[in-house]
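In what follows, a structure is listed as structure tokens, so that the remarks can point back to it.
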Amino acid sequence: MTDAPGKDPLETWAAEVRGEALAPLRDEKVAAVARNAAGVILRTTSVTAAGAAGVVATHAAAKIATAAVLTAVLAGGAAAATGSLPDPVQSWVADVVDHVGIHLPRPPLDLPGVDVTVPGVDVTVPRVDVTVPLVDVTVPDADVTVPDADVTETSTPGVPPITVPDLPDVGG
Amino acid sequence: MRSRVRPADAPTTDDVVARARAGDETAWATIVADLGPAIAGYARARGAPDPEDVMQDVFLAAASRLSRFEGDGRAFRSWVFSIAYRQIVDRYRSRRDNVELPVSLADPGPSPEQTAITGIVVSEAMAALDVLTDVERDVVLLRVIGGLETDEVARAVGKRGGNVRVIQTRALAKLRGELQRSGYGAEGLGEEEAR
């Protein structure tokens, strides 16, 4: 769509609309809008930088807090591992970590003595000595003798003996 | 008729955009001088009663979102017009009944006395826009006043290029018919292909 008045009413129309709508801006207006827009950029940048600094500060504080907690946990863990915590604490810690399969020393139980007496019943278990004598197991050398077999001709009942007649000599 | 302002007189180059990102006021002055008249003109043709206020809001919005913009100087132009399109849609389309849109050609219009009182002067050319729907008007004005190519218009209004071409063809046909009906221009109508 270019200006070509007189050829195509649409082009004439477009040129007229452009001429009517497009008005040059006053220099003061341009300067004011430019100043405001640049100000938005600079404010956004400074806010972003401040936000980044805040994030860094927060991050550093979080790291310090984490280190402190970690130190406390490690120190407490070491004390618990050696059983040097106060008895109630040591017992509690041992109970807690026992659930996750870690066994820590527990303080000695201080239970009150219980005396149980059953009147009229004396149970005596005599000492029983059990002696298991040494057992000598001797395996003598085996002397195995196989006598010479004495094989005799046998006959089978009911079967006539086979007789082989003498054969004449064949000269040759 | 006012003197015509060519948007390309002070082009918004990649370098200008880069300096604008850093908050360079001179770079912003170049951008505003380059694109400001077209944006205000688009708002004016869309019936905004305060086109320069719209223009200022568009540049402030562009400045606040510039860190998210990616592209060269040409892309920057269509990006700024997409902000302008959205601003105008948000500002005026929802309350268009209260906005003084260009007077229809079918409307006899204000009398000279009324015009003198209200200061509203609507040309026959502007009034012809009344035959278009909102989206048709946006597409035509972004092409005619914004100087955007069809694909850039598509990006600005959030539609596909093919869709915008169809809208543009239909809009120009309607405009041509309206101008013909009203006797605008004495010569015959030529064919204009939607680019």
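The chains in the structure tokens are called A, B, ... from first to last as shown; in each chain the residues are counted from 1, and the ligands are counted from 1 in the order shown.
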
Exercise answer, chain A residues close to chain B, 7 Å and only C-alpha atoms, as a list in words: Gly6, Lys7, Asp8, Pro9, Leu10, Trp13, Ala14, Glu16, Val17, Arg18, Gly19, Glu20, Ala21, Leu22, Ala23, Pro24, Leu25, Val30, Ala31, Val33, Ala34, Arg35, Ala37, Ala38, Gly39, Val40, Ile41 and Leu42 of chain A

All residues 8 Å or closer to segment 89-93 of chain A, only C-alpha atoms, same chain fewer than 6 positions away omitted, as a VMD selection string: chain A and resid 80 83 105 to 107

Who sits within 8 Å of segment 158-168 of chain B, only C-alpha atoms, same chain under 2 positions skipped, as a PyMOL selection string: chain B and resi 135-136+139-140+150-151+153-156+170-172+194-195
